[in-house]
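*Asks:* So I've got this file, structure-v9.csv, and it contains CSV, C-alpha atoms:
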chain,number,residue,atom,x,y,z
A,1,MET,CA,103.9,69.5,25.5
A,2,GLN,CA,101.6,68.1,28.2
A,3,TRP,CA,104.5,68.3,30.7
A,4,LEU,CA,104.4,72.1,30.2
A,5,THR,CA,100.6,72.7,30.0
A,6,GLY,CA,100.0,70.5,33.0
A,7,ALA,CA,102.6,72.3,35.2
A,8,THR,CA,101.5,74.3,38.3
A,9,THR,CA,101.1,78.0,38.3
A,10,THR,CA,104.2,78.3,40.5
A,11,GLN,CA,106.3,76.3,38.0
A,12,LYS,CA,105.0,78.3,35.0
A,13,ARG,CA,105.7,81.7,36.7
A,14,ALA,CA,109.2,80.6,37.8
A,15,LEU,CA,109.9,79.6,34.2
A,16,LEU,CA,108.4,82.8,32.7
A,17,THR,CA,110.4,85.0,35.2
A,18,THR,CA,113.7,83.4,34.3
A,19,SER,CA,112.9,83.4,30.6
A,20,LEU,CA,112.1,87.1,30.6
A,21,GLY,CA,115.2,87.9,32.7
A,22,TRP,CA,117.5,86.0,30.4
A,23,MET,CA,115.9,87.3,27.2
A,24,LEU,CA,116.4,90.9,28.3
A,25,ASP,CA,119.9,90.1,29.6
A,26,SER,CA,120.8,88.8,26.1
A,27,MET,CA,119.2,91.8,24.4
A,28,ASP,CA,121.2,94.3,26.6
A,29,MET,CA,124.5,92.4,26.0
A,30,MET,CA,124.1,92.2,22.2
A,31,LEU,CA,123.2,95.9,21.7
A,32,PHE,CA,126.9,96.6,22.3
A,33,SER,CA,128.1,94.1,19.7
A,34,LEU,CA,125.5,95.3,17.1
A,35,VAL,CA,126.4,99.0,17.4
A,36,LEU,CA,130.1,98.3,17.6
A,37,VAL,CA,131.1,99.5,14.1
A,38,ASP,CA,129.5,102.9,14.6
A,39,LEU,CA,130.7,103.1,18.2
A,40,GLN,CA,134.3,102.5,17.2
A,41,LYS,CA,134.1,105.3,14.6
A,42,ASP,CA,132.6,107.9,17.0
A,43,MET,CA,135.0,107.1,19.8
A,44,HIS,CA,138.0,106.3,17.7
A,45,MET,CA,138.5,102.8,19.2
A,46,SER,CA,140.5,100.0,17.8
A,47,ALA,CA,139.2,96.4,17.6
A,48,ALA,CA,141.4,95.5,20.6
A,49,THR,CA,140.0,98.4,22.7
A,50,SER,CA,136.5,97.4,21.8
A,51,GLY,CA,137.3,93.8,22.8
A,52,LEU,CA,138.8,95.1,26.0
A,53,LEU,CA,135.5,96.9,26.9
A,54,MET,CA,133.7,93.6,26.4
A,55,SER,CA,136.2,91.8,28.5
A,56,LEU,CA,135.8,94.4,31.2
A,57,THR,CA,132.0,93.7,31.2
A,58,LEU,CA,132.7,90.0,31.5
A,59,ILE,CA,135.0,90.5,34.5
A,60,SER,CA,132.4,92.6,36.3
A,61,ALA,CA,129.7,90.1,35.4
A,62,ALA,CA,131.9,87.4,37.1
A,63,ILE,CA,132.1,89.6,40.2
A,64,GLY,CA,128.3,90.2,40.1
A,65,GLY,CA,127.5,86.6,39.4
A,66,ILE,CA,129.4,85.4,42.5
A,67,PHE,CA,127.9,88.0,44.7
A,68,PHE,CA,124.3,87.5,43.5
A,69,GLY,CA,124.7,83.8,43.6
A,70,TRP,CA,125.6,84.1,47.3
A,71,LEU,CA,122.7,86.7,47.8
A,72,ALA,CA,120.3,84.2,46.2
A,73,ASP,CA,121.1,81.7,48.9
A,74,LYS,CA,120.7,84.4,51.6
A,75,ILE,CA,117.6,86.4,50.6
A,76,GLY,CA,116.0,84.2,47.9
A,77,ARG,CA,116.1,83.6,44.2
A,78,THR,CA,113.5,86.1,43.1
A,79,HIS,CA,114.9,89.0,45.2
A,80,ALA,CA,118.4,88.5,43.8
A,81,LEU,CA,116.9,88.3,40.3
A,82,ILE,CA,115.1,91.6,40.8
A,83,PHE,CA,118.1,93.5,42.0
A,84,SER,CA,120.3,92.2,39.2
A,85,MET,CA,117.8,93.2,36.5
A,86,LEU,CA,117.5,96.7,37.9
A,87,ILE,CA,121.2,97.2,37.8
A,88,TYR,CA,121.8,96.0,34.2
A,89,SER,CA,118.8,97.9,32.9
A,90,VAL,CA,119.8,101.3,34.3
A,91,PHE,CA,123.4,101.1,33.3
A,92,THR,CA,122.7,99.9,29.8
A,93,ALA,CA,120.7,103.1,29.3
A,94,CYS,CA,123.6,105.0,30.8
A,95,CYS,CA,125.9,103.7,28.0
A,96,GLY,CA,123.9,105.9,25.6
A,97,LEU,CA,125.1,109.0,27.6
A,98,ALA,CA,128.8,108.1,27.4
A,99,HIS,CA,131.1,110.6,25.6
A,100,THR,CA,134.5,109.1,26.3
A,101,VAL,CA,135.9,105.5,26.4
A,102,LEU,CA,136.4,105.9,30.1
A,103,GLN,CA,132.8,106.7,30.8
A,104,LEU,CA,131.7,103.9,28.6
A,105,GLY,CA,134.0,101.5,30.4
A,106,ILE,CA,132.6,102.5,33.8
A,107,PHE,CA,129.0,102.0,32.6
A,108,ARG,CA,129.9,98.6,31.0
A,109,PHE,CA,131.5,97.5,34.2
A,110,LEU,CA,128.5,98.5,36.3
A,111,LEU,CA,125.9,96.9,34.0
A,112,GLY,CA,128.0,93.7,34.0
A,113,LEU,CA,127.5,93.3,37.7
A,114,GLY,CA,123.8,93.0,37.1
A,115,ILE,CA,124.1,90.7,34.1
A,116,GLY,CA,126.3,88.4,36.0
A,117,GLY,CA,123.9,88.0,38.8
A,118,GLU,CA,120.9,86.9,36.8
A,119,TRP,CA,122.1,83.5,35.6
A,120,ALA,CA,122.7,81.8,39.0
A,121,ALA,CA,119.5,83.2,40.5
A,122,GLY,CA,117.3,82.3,37.5
A,123,GLY,CA,118.9,78.9,37.0
A,124,ALA,CA,118.4,77.9,40.6
A,125,LEU,CA,114.8,79.2,40.5
A,126,VAL,CA,113.8,76.9,37.6
A,127,ALA,CA,115.8,73.9,38.8
A,128,GLU,CA,114.2,74.0,42.3
A,129,THR,CA,110.7,74.5,41.0
A,130,TRP,CA,110.6,71.8,38.3
A,131,PRO,CA,110.8,68.0,38.8
A,132,ALA,CA,113.8,66.0,37.7
A,133,GLU,CA,112.1,64.3,34.7
A,134,HIS,CA,111.3,67.7,33.1
A,135,ARG,CA,114.1,69.9,34.5
A,136,GLY,CA,116.2,69.7,31.3
A,137,LYS,CA,113.3,70.7,29.1
A,138,ALA,CA,112.2,73.6,31.4
A,139,ILE,CA,115.8,74.9,31.6
A,140,GLY,CA,116.0,74.5,27.8
A,141,ILE,CA,113.0,76.8,27.4
A,142,ALA,CA,114.4,79.4,29.7
A,143,GLN,CA,117.8,79.2,28.0
A,144,ALA,CA,116.0,79.5,24.6
A,145,SER,CA,114.8,83.0,25.7
A,146,TRP,CA,118.4,84.1,25.3
A,147,ALA,CA,118.1,83.6,21.6
A,148,LEU,CA,114.9,85.6,21.5
A,149,GLY,CA,116.8,88.4,23.3
A,150,TYR,CA,119.6,88.3,20.9
A,151,ALA,CA,117.2,88.5,18.0
A,152,LEU,CA,115.3,91.3,19.8
A,153,GLY,CA,118.5,93.2,20.2
A,154,ALA,CA,119.2,92.8,16.5
A,155,ALA,CA,115.7,94.0,15.5
A,156,ILE,CA,115.9,97.0,17.8
A,157,THR,CA,119.3,98.0,16.3
A,158,ALA,CA,118.0,97.6,12.8
A,159,LEU,CA,114.9,99.8,13.5
A,160,ILE,CA,116.5,102.5,15.7
A,161,MET,CA,120.1,103.0,14.8
A,162,PRO,CA,119.7,104.0,11.1
A,163,HIS,CA,117.3,106.8,12.2
A,164,PHE,CA,118.4,107.8,15.7
A,165,GLY,CA,122.0,106.6,16.1
A,166,TRP,CA,123.7,104.1,18.4
A,167,ARG,CA,122.9,106.1,21.6
A,168,ALA,CA,119.2,105.7,21.2
A,169,VAL,CA,119.7,101.9,20.9
A,170,PHE,CA,121.2,101.8,24.4
A,171,PHE,CA,118.3,103.9,25.9
A,172,VAL,CA,115.9,101.0,25.0
A,173,GLY,CA,117.9,98.9,27.5
A,174,VAL,CA,116.1,100.5,30.5
A,175,PHE,CA,112.8,98.7,29.8
A,176,PRO,CA,113.7,95.4,31.6
A,177,ALA,CA,113.4,97.4,34.9
A,178,LEU,CA,109.7,97.4,34.4
A,179,ILE,CA,109.5,93.6,34.5
A,180,THR,CA,110.8,93.6,38.1
A,181,LEU,CA,107.5,95.0,39.3
A,182,TRP,CA,105.6,91.9,38.2
A,183,ILE,CA,108.2,89.6,39.5
A,184,ARG,CA,108.1,91.2,43.0
A,185,ARG,CA,104.3,90.8,43.1
A,186,SER,CA,103.7,87.4,41.4
A,187,VAL,CA,106.6,85.0,41.8
A,188,LYS,CA,107.2,83.0,45.0
A,189,GLU,CA,110.5,81.5,46.2
A,190,PRO,CA,110.9,77.8,45.6
A,191,GLU,CA,109.5,75.6,48.4
A,192,ILE,CA,112.8,73.6,48.7
A,193,TRP,CA,114.7,76.9,49.4
A,194,ARG,CA,112.2,78.1,52.0
A,195,GLN,CA,112.4,74.8,53.8
A,196,LYS,CA,116.2,74.6,54.0
A,197,ALA,CA,117.6,74.7,57.5
A,198,SER,CA,120.7,76.9,56.7
A,199,THR,CA,123.1,77.9,54.1
A,200,MET,CA,126.6,76.4,53.6
A,201,PRO,CA,129.8,78.5,53.6
A,202,LEU,CA,131.5,79.3,50.4
A,203,ARG,CA,134.5,77.2,51.2
A,204,SER,CA,132.3,74.1,51.3
A,205,ILE,CA,132.3,73.9,47.4
A,206,PHE,CA,136.1,73.5,47.4
A,207,GLN,CA,136.0,70.7,50.0
A,208,GLY,CA,135.1,67.0,50.0
A,209,LYS,CA,132.9,65.6,47.3
A,210,LEU,CA,131.9,69.1,46.0
A,211,ARG,CA,135.4,70.0,45.1
A,212,ARG,CA,135.5,67.8,42.1
A,213,ALA,CA,132.2,69.1,40.8
A,214,THR,CA,133.5,72.7,41.3
A,215,ILE,CA,136.7,72.2,39.4
A,216,ILE,CA,135.2,70.4,36.4
A,217,THR,CA,132.2,72.7,36.0
A,218,ALA,CA,134.2,75.8,36.4
A,219,SER,CA,137.0,74.8,34.0
A,220,MET,CA,134.7,73.5,31.2
A,221,ASN,CA,132.6,76.6,31.5
A,222,ALA,CA,135.8,78.8,31.2
A,223,ALA,CA,136.7,77.1,27.9
A,224,SER,CA,133.1,77.2,26.5
A,225,LEU,CA,132.6,80.8,27.5
A,226,PHE,CA,135.9,81.8,25.9
A,227,ALA,CA,134.7,80.2,22.7
A,228,TRP,CA,131.2,81.7,22.9
A,229,TRP,CA,132.2,85.3,23.8
A,230,GLY,CA,135.0,85.3,21.3
A,231,LEU,CA,132.7,84.0,18.5
A,232,PHE,CA,129.5,85.9,19.1
A,233,THR,CA,131.0,89.2,20.1
A,234,TRP,CA,132.8,89.4,16.7
A,235,ILE,CA,130.3,87.8,14.3
A,236,PRO,CA,128.4,91.1,13.7
A,237,ARG,CA,131.7,92.8,12.9
A,238,PHE,CA,132.8,89.9,10.7
A,239,LEU,CA,129.5,90.2,8.7
A,240,SER,CA,129.6,94.0,8.4
A,241,LEU,CA,133.3,94.6,7.9
A,242,PRO,CA,134.2,95.5,4.3
A,243,ILE,CA,135.4,92.6,2.2
A,244,ALA,CA,138.7,94.4,1.6
A,245,GLN,CA,139.4,94.2,5.3
A,246,GLY,CA,138.6,90.5,5.6
A,247,GLY,CA,134.9,90.8,6.4
A,248,ARG,CA,131.8,90.0,4.4
A,249,GLY,CA,130.6,93.5,3.5
A,250,LEU,CA,127.0,93.2,4.7
A,251,SER,CA,125.0,96.4,5.6
A,252,ILE,CA,123.8,97.0,9.1
A,253,VAL,CA,120.3,96.0,8.2
A,254,GLN,CA,121.6,92.8,6.5
A,255,THR,CA,123.9,92.1,9.5
A,256,SER,CA,120.9,92.4,11.9
A,257,ALA,CA,118.8,90.2,9.6
A,258,TRP,CA,121.5,87.5,9.4
A,259,THR,CA,121.9,87.7,13.2
A,260,ILE,CA,118.2,87.3,13.8
A,261,ILE,CA,118.1,84.3,11.4
A,262,MET,CA,121.0,82.7,13.2
A,263,GLN,CA,119.0,82.9,16.4
A,264,PHE,CA,116.4,80.5,14.9
A,265,GLY,CA,119.1,77.9,15.1
A,266,THR,CA,120.2,79.0,18.6
A,267,PHE,CA,116.6,78.8,19.8
A,268,ALA,CA,116.2,75.3,18.4
A,269,GLY,CA,119.5,74.3,19.9
A,270,TYR,CA,118.5,75.4,23.4
A,271,LEU,CA,115.1,73.6,23.2
A,272,SER,CA,116.5,70.4,21.6
A,273,PHE,CA,119.3,70.1,24.2
A,274,GLY,CA,116.7,70.0,27.0
A,275,TYR,CA,114.8,67.1,25.3
A,276,LEU,CA,117.9,65.2,24.4
A,277,ALA,CA,119.4,65.6,27.9
A,278,ASP,CA,116.2,64.3,29.5
A,279,SER,CA,116.2,61.4,27.2
A,280,PHE,CA,119.9,60.5,26.7
A,281,GLY,CA,121.7,62.2,29.6
A,282,ARG,CA,123.3,65.5,30.3
A,283,LYS,CA,126.9,64.5,29.8
A,284,ARG,CA,126.7,62.8,26.4
A,285,THR,CA,124.5,65.5,24.9
A,286,TYR,CA,126.8,68.3,26.2
A,287,ILE,CA,129.9,66.8,24.7
A,288,ALA,CA,128.3,66.2,21.4
A,289,PHE,CA,127.1,69.8,21.1
A,290,LEU,CA,130.6,71.2,21.9
A,291,THR,CA,132.4,68.9,19.5
A,292,ILE,CA,130.1,69.7,16.5
A,293,ALA,CA,130.4,73.4,17.3
A,294,ALA,CA,134.2,73.1,17.2
A,295,VAL,CA,133.9,71.6,13.7
A,296,MET,CA,131.4,74.2,12.4
A,297,VAL,CA,133.1,77.4,13.5
A,298,PRO,CA,136.1,77.3,11.0
A,299,ILE,CA,133.7,76.3,8.2
A,300,TYR,CA,131.6,79.4,9.0
A,301,ALA,CA,134.6,81.7,9.3
A,302,HIS,CA,135.8,80.8,5.8
A,303,ALA,CA,132.4,80.9,4.1
A,304,HIS,CA,131.9,83.4,1.4
A,305,GLY,CA,128.7,84.8,0.0
A,306,ALA,CA,125.6,86.1,1.8
A,307,ALA,CA,123.6,83.0,1.0
A,308,MET,CA,126.1,80.6,2.4
A,309,LEU,CA,126.5,82.6,5.6
A,310,LEU,CA,122.7,82.7,5.9
A,311,LEU,CA,122.6,78.9,5.6
A,312,LEU,CA,125.4,78.1,8.0
A,313,GLY,CA,124.5,80.7,10.6
A,314,PRO,CA,121.6,78.8,12.2
A,315,VAL,CA,123.7,75.6,12.4
A,316,VAL,CA,126.5,77.4,14.2
A,317,GLY,CA,123.9,78.9,16.5
A,318,PHE,CA,122.3,75.5,17.2
A,319,PHE,CA,125.5,73.8,18.4
A,320,GLY,CA,127.6,76.8,19.3
A,321,THR,CA,125.1,78.1,21.8
A,322,GLY,CA,122.6,75.3,22.5
A,323,PHE,CA,125.1,73.7,24.9
A,324,PHE,CA,124.3,76.4,27.5
A,325,SER,CA,121.1,74.6,28.4
A,326,GLY,CA,123.3,71.7,29.4
A,327,PHE,CA,125.6,73.7,31.7
A,328,THR,CA,122.7,75.2,33.6
A,329,VAL,CA,121.1,71.9,34.3
A,330,ILE,CA,124.4,70.2,35.1
A,331,ALA,CA,125.5,72.9,37.5
A,332,SER,CA,122.1,73.0,39.2
A,333,GLU,CA,122.1,69.3,39.8
A,334,ALA,CA,125.7,69.1,41.0
A,335,PHE,CA,125.2,71.0,44.3
A,336,PRO,CA,122.8,70.9,47.3
A,337,THR,CA,120.1,73.5,47.9
A,338,ALA,CA,121.9,75.1,50.8
A,339,VAL,CA,124.8,76.2,48.5
A,340,ARG,CA,123.3,75.9,45.0
A,341,GLY,CA,123.0,79.6,44.3
A,342,THR,CA,126.5,80.3,45.6
A,343,ALA,CA,128.0,77.3,43.8
A,344,MET,CA,126.3,78.2,40.5
A,345,GLY,CA,127.5,81.7,40.8
A,346,VAL,CA,131.0,80.7,41.5
A,347,VAL,CA,131.5,78.0,38.9
A,348,TYR,CA,129.9,80.0,36.1
A,349,ASN,CA,131.7,83.2,37.0
A,350,LEU,CA,135.1,81.7,37.6
A,351,GLY,CA,134.6,80.6,34.0
A,352,ARG,CA,133.8,84.2,33.2
A,353,PHE,CA,136.9,85.4,34.8
A,354,LEU,CA,139.1,82.9,32.9
A,355,GLY,CA,137.2,83.4,29.6
A,356,ALA,CA,136.8,87.2,29.9
A,357,GLY,CA,139.9,87.8,27.8
A,358,SER,CA,138.4,86.2,24.8
A,359,PRO,CA,136.9,89.3,23.1
A,360,TYR,CA,140.2,91.1,23.6
A,361,ILE,CA,142.3,88.2,22.4
A,362,ILE,CA,140.1,87.6,19.3
A,363,GLY,CA,140.2,91.3,18.6
A,364,TYR,CA,144.0,91.3,18.9
A,365,ILE,CA,144.3,88.4,16.5
A,366,SER,CA,141.9,90.0,14.1
A,367,ASP,CA,143.9,93.2,14.0
A,368,ARG,CA,147.1,91.3,13.2
A,369,SER,CA,146.1,88.2,11.3
A,370,GLY,CA,142.6,88.9,10.0
A,371,ILE,CA,139.2,88.1,11.3
A,372,GLU,CA,138.9,84.7,9.5
A,373,LEU,CA,141.8,83.3,11.4
A,374,ALA,CA,140.7,84.9,14.6
A,375,LEU,CA,137.2,83.3,14.5
A,376,SER,CA,138.6,79.9,13.3
A,377,SER,CA,140.9,79.7,16.3
A,378,ILE,CA,137.9,79.6,18.6
A,379,SER,CA,137.3,76.0,17.7
A,380,ILE,CA,140.2,75.0,20.0
A,381,ALA,CA,138.4,76.3,23.0
A,382,PHE,CA,135.2,74.3,22.1
A,383,PHE,CA,137.3,71.1,21.8
A,384,VAL,CA,139.0,71.8,25.2
A,385,ALA,CA,135.5,72.3,26.8
A,386,ALA,CA,134.3,68.9,25.4
A,387,LEU,CA,137.4,67.2,26.7
A,388,ILE,CA,137.0,68.5,30.2
A,389,ALA,CA,133.3,67.5,30.1
A,390,THR,CA,134.3,63.9,29.8
A,391,GLY,CA,135.0,64.1,33.6
A,392,LEU,CA,131.4,64.9,34.5
A,393,LYS,CA,129.2,62.6,36.5
A,394,GLU,CA,125.9,61.9,34.8
A,395,THR,CA,123.0,63.5,36.7
A,396,LYS,CA,120.0,62.5,34.7
A,397,SER,CA,117.0,61.9,36.9
A,398,HIS,CA,118.9,63.4,39.8
A,399,ALA,CA,116.6,64.5,42.7
A,400,LEU,CA,117.7,67.8,44.2
A,401,THR,CA,118.8,67.7,47.9
In structure tokens, what does this structure look like?

*Replies:*
Amino acid sequence: MQWLTGATTTQKRALLTTSLGWMLDSMDMMLFSLVLVDLQKDMHMSAATSGLLMSLTLISAAIGGIFFGWLADKIGRTHALIFSMLIYSVFTACCGLAHTVLQLGIFRFLLGLGIGGEWAAGGALVAETWPAEHRGKAIGIAQASWALGYALGAAITALIMPHFGWRAVFFVGVFPALITLWIRRSVKEPEIWRQKASTMPLRSIFQGKLRRATIITASMNAASLFAWWGLFTWIPRFLSLPIAQGGRGLSIVQTSAWTIIMQFGTFAGYLSFGYLADSFGRKRTYIAFLTIAAVMVPIYAHAHGAAMLLLLGPVVGFFGTGFFSGFTVIASEAFPTAVRGTAMGVVYNLGRFLGAGSPYIIGYISDRSGIELALSSISIAFFVAALIATGLKETKSHALT
């Protein structure tokens, strides 16, 4: 860990800032999935309607991601990060005030704008602050914070919902806004961004040499996000749904505990990907993670017994989520500084647009054919993402321009 302990203060603060932002982003997103069963009962929503709300959030996140990616190129990575965190914090808390599906949908749409903006700004901040030989590992640490946020959301739900109900769970989501005060005071913009002469227009990523990178990264991200959102939106419901309805019949406390334990595997996957990518290359590692995830998902969906689910959960988390570290470093190295924030926002969020229907589609399949089949079908999307990734150019040891 000498590469980390010997880093400069600027590098450490950039990494901490992005890690906190992504952790709290994950926490806010997972609160919805974890309270979904009670929320459906109170608002009389079907699984398809619940999935539609999540899809709406993903669509707004795509809009926000493209906008904040562009904003990060214009006003800076840290400023864009601050604005996005404020938006998703405030409107997550507002979800606890909703009394109709329409109100909840509006708040989910607005918080999605902020959530979408954070990835591009944070990813660019870390990539531009850390050197090529450690970039994968640094981004792996930042990405691993997502697992911590997922587990934090599960812990908050287990502690608060049994005593105060699902509304109180959402109120906790306002706390990330406080982190922005430290970011504004302590975190500097990357030197490479401050020295750039000018930004490039949006159309430049669809022209010349950048067009190929845009098409490949956006399409493979669409497939992998379809898989991820479809799987992890519905896993809590899969675990807590009564056995007679095709679920596994775990209590809300058990579901939260199993979800937290799954995040140990997710956390390890994020970190391991960074080390493997810096050693063996981004492309090879990325394809391997996606392929193994495709194999593991049907095995998990057809597993019975709490012990088996507990054992398989971290493995699914390791491969089924760890690949995200790869996408961040691949996308950050594929585009020049003058358009990096914009490009990362576009390719990630075009993927969000195309993959946003996943929660609804999986919910629809679940209503008609059972949740086991619905979750198993997700492996197709993982395989498609791996196939598209074969067209990537290797960017290991790539110096940012």

*Asks:* Quick one: residues within 7 Å of stretch 320-329 of chain A, all atoms listed in the file, excluding same-chain residues fewer than 3 positions away - as a list in words?

*Replies:* Gly123, Gly136, Ile139, Gly140, Gln143, Thr266, Gly269, Tyr270, Phe273, Gly274, Arg282, Tyr286, Phe289, Leu290, Ala293, Val316, Gly317, Ser332 and Glu333 of chain A

*Asks:* For A:Gly112, which of A:Ile371, A:Leu239, A:Leu56, A:Cys95 is the closest residue, counting all atoms listed in the file?

*Replies:* A:Leu56

*Asks:* Do you know which residues lie at most 9 Å from (130.7, 81.0, 31.9), with coordinates as in the file and only C-alpha atoms counted, and could you write them as an MDAnalysis selection string?

*Replies:* chainID A and resid 62 218 220:226 327 347:356

*Asks:* Expressed in Å to a single decimal, how great is the separation between atom CA of A:Val37 and atom CA of A:Ile160?

*Replies:*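 Rounded to one decimal, the two atoms are 15.0 Å apart.
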
*Asks:* List the spatial neighbours of A:Lys393 as a ChimeraX atom specification - criterion: any atom at most 9 Å away, only C-alpha atoms, same-chain residues fewer than 4 positions off excluded.

*Replies:* /A:213,283,334

*Asks:* So that I have them on file, write out the residues from the current selection with C-alpha atoms, as a compact mmCIF listing (two decimals), in the coordinates of the input.

*Replies:*
# COMPACT_ATOMS: atom_id res chain seq x y z
CA ALA A 213 132.20 69.10 40.80
CA LYS A 283 126.90 64.50 29.80
CA ALA A 334 125.70 69.10 41.00

*Asks:* Can you take stretch 168-227 of chain A from the block and write C-alpha atoms as a compact mmCIF listing (two decimals), in the first residue's frame?

*Replies:*
# COMPACT_ATOMS: atom_id res chain seq x y z
CA ALA A 168 -37.83 7.89 8.15
CA VAL A 169 -35.35 5.85 6.11
CA PHE A 170 -35.51 8.41 3.29
CA PHE A 171 -35.02 11.33 5.69
CA VAL A 172 -31.53 10.01 6.47
CA GLY A 173 -30.66 10.67 2.83
CA VAL A 174 -30.26 14.39 3.44
CA PHE A 175 -26.98 14.00 5.33
CA PRO A 176 -24.68 13.80 2.26
CA ALA A 177 -25.37 17.50 1.75
CA LEU A 178 -23.14 18.24 4.74
CA ILE A 179 -20.11 16.67 3.02
CA THR A 180 -20.22 19.34 0.33
CA LEU A 181 -19.07 21.96 2.85
CA TRP A 182 -15.74 20.15 3.30
CA ILE A 183 -15.35 19.55 -0.43
CA ARG A 184 -15.82 23.23 -1.23
CA ARG A 185 -13.18 24.23 1.31
CA SER A 186 -10.56 21.49 0.94
CA VAL A 187 -10.49 19.94 -2.55
CA LYS A 188 -8.69 21.56 -5.49
CA GLU A 189 -9.36 21.10 -9.19
CA PRO A 190 -6.87 18.80 -11.00
CA GLU A 191 -3.82 20.59 -12.42
CA ILE A 192 -4.32 19.06 -15.87
CA TRP A 193 -7.84 20.52 -16.02
CA ARG A 194 -6.70 23.98 -14.86
CA GLN A 195 -3.99 24.08 -17.51
CA LYS A 196 -6.15 23.02 -20.45
CA ALA A 197 -6.53 25.65 -23.14
CA SER A 198 -10.20 25.11 -23.95
CA THR A 199 -13.03 22.62 -23.98
CA MET A 200 -14.10 20.63 -27.01
CA PRO A 201 -17.67 20.63 -28.36
CA LEU A 202 -19.97 17.71 -27.61
CA ARG A 203 -20.05 16.65 -31.26
CA SER A 204 -16.31 15.93 -31.18
CA ILE A 205 -16.86 12.62 -29.36
CA PHE A 206 -18.95 11.40 -32.30
CA GLN A 207 -16.30 12.30 -34.86
CA GLY A 208 -12.92 10.94 -35.97
CA LYS A 209 -10.97 8.66 -33.65
CA LEU A 210 -13.21 9.40 -30.67
CA ARG A 211 -16.35 8.04 -32.36
CA ARG A 212 -15.24 4.41 -32.06
CA ALA A 213 -14.47 4.83 -28.35
CA THR A 214 -17.83 6.50 -27.79
CA ILE A 215 -19.82 3.75 -29.52
CA ILE A 216 -18.06 0.86 -27.79
CA THR A 217 -18.02 2.30 -24.28
CA ALA A 218 -21.63 3.51 -24.44
CA SER A 219 -23.02 0.22 -25.80
CA MET A 220 -21.12 -2.07 -23.44
CA ASN A 221 -22.15 0.14 -20.54
CA ALA A 222 -25.79 -0.07 -21.65
CA ALA A 223 -25.67 -3.86 -21.53
CA SER A 224 -23.82 -4.04 -18.21
CA LEU A 225 -26.08 -1.43 -16.57
CA PHE A 226 -29.16 -3.28 -17.81
CA ALA A 227 -27.78 -6.36 -16.06
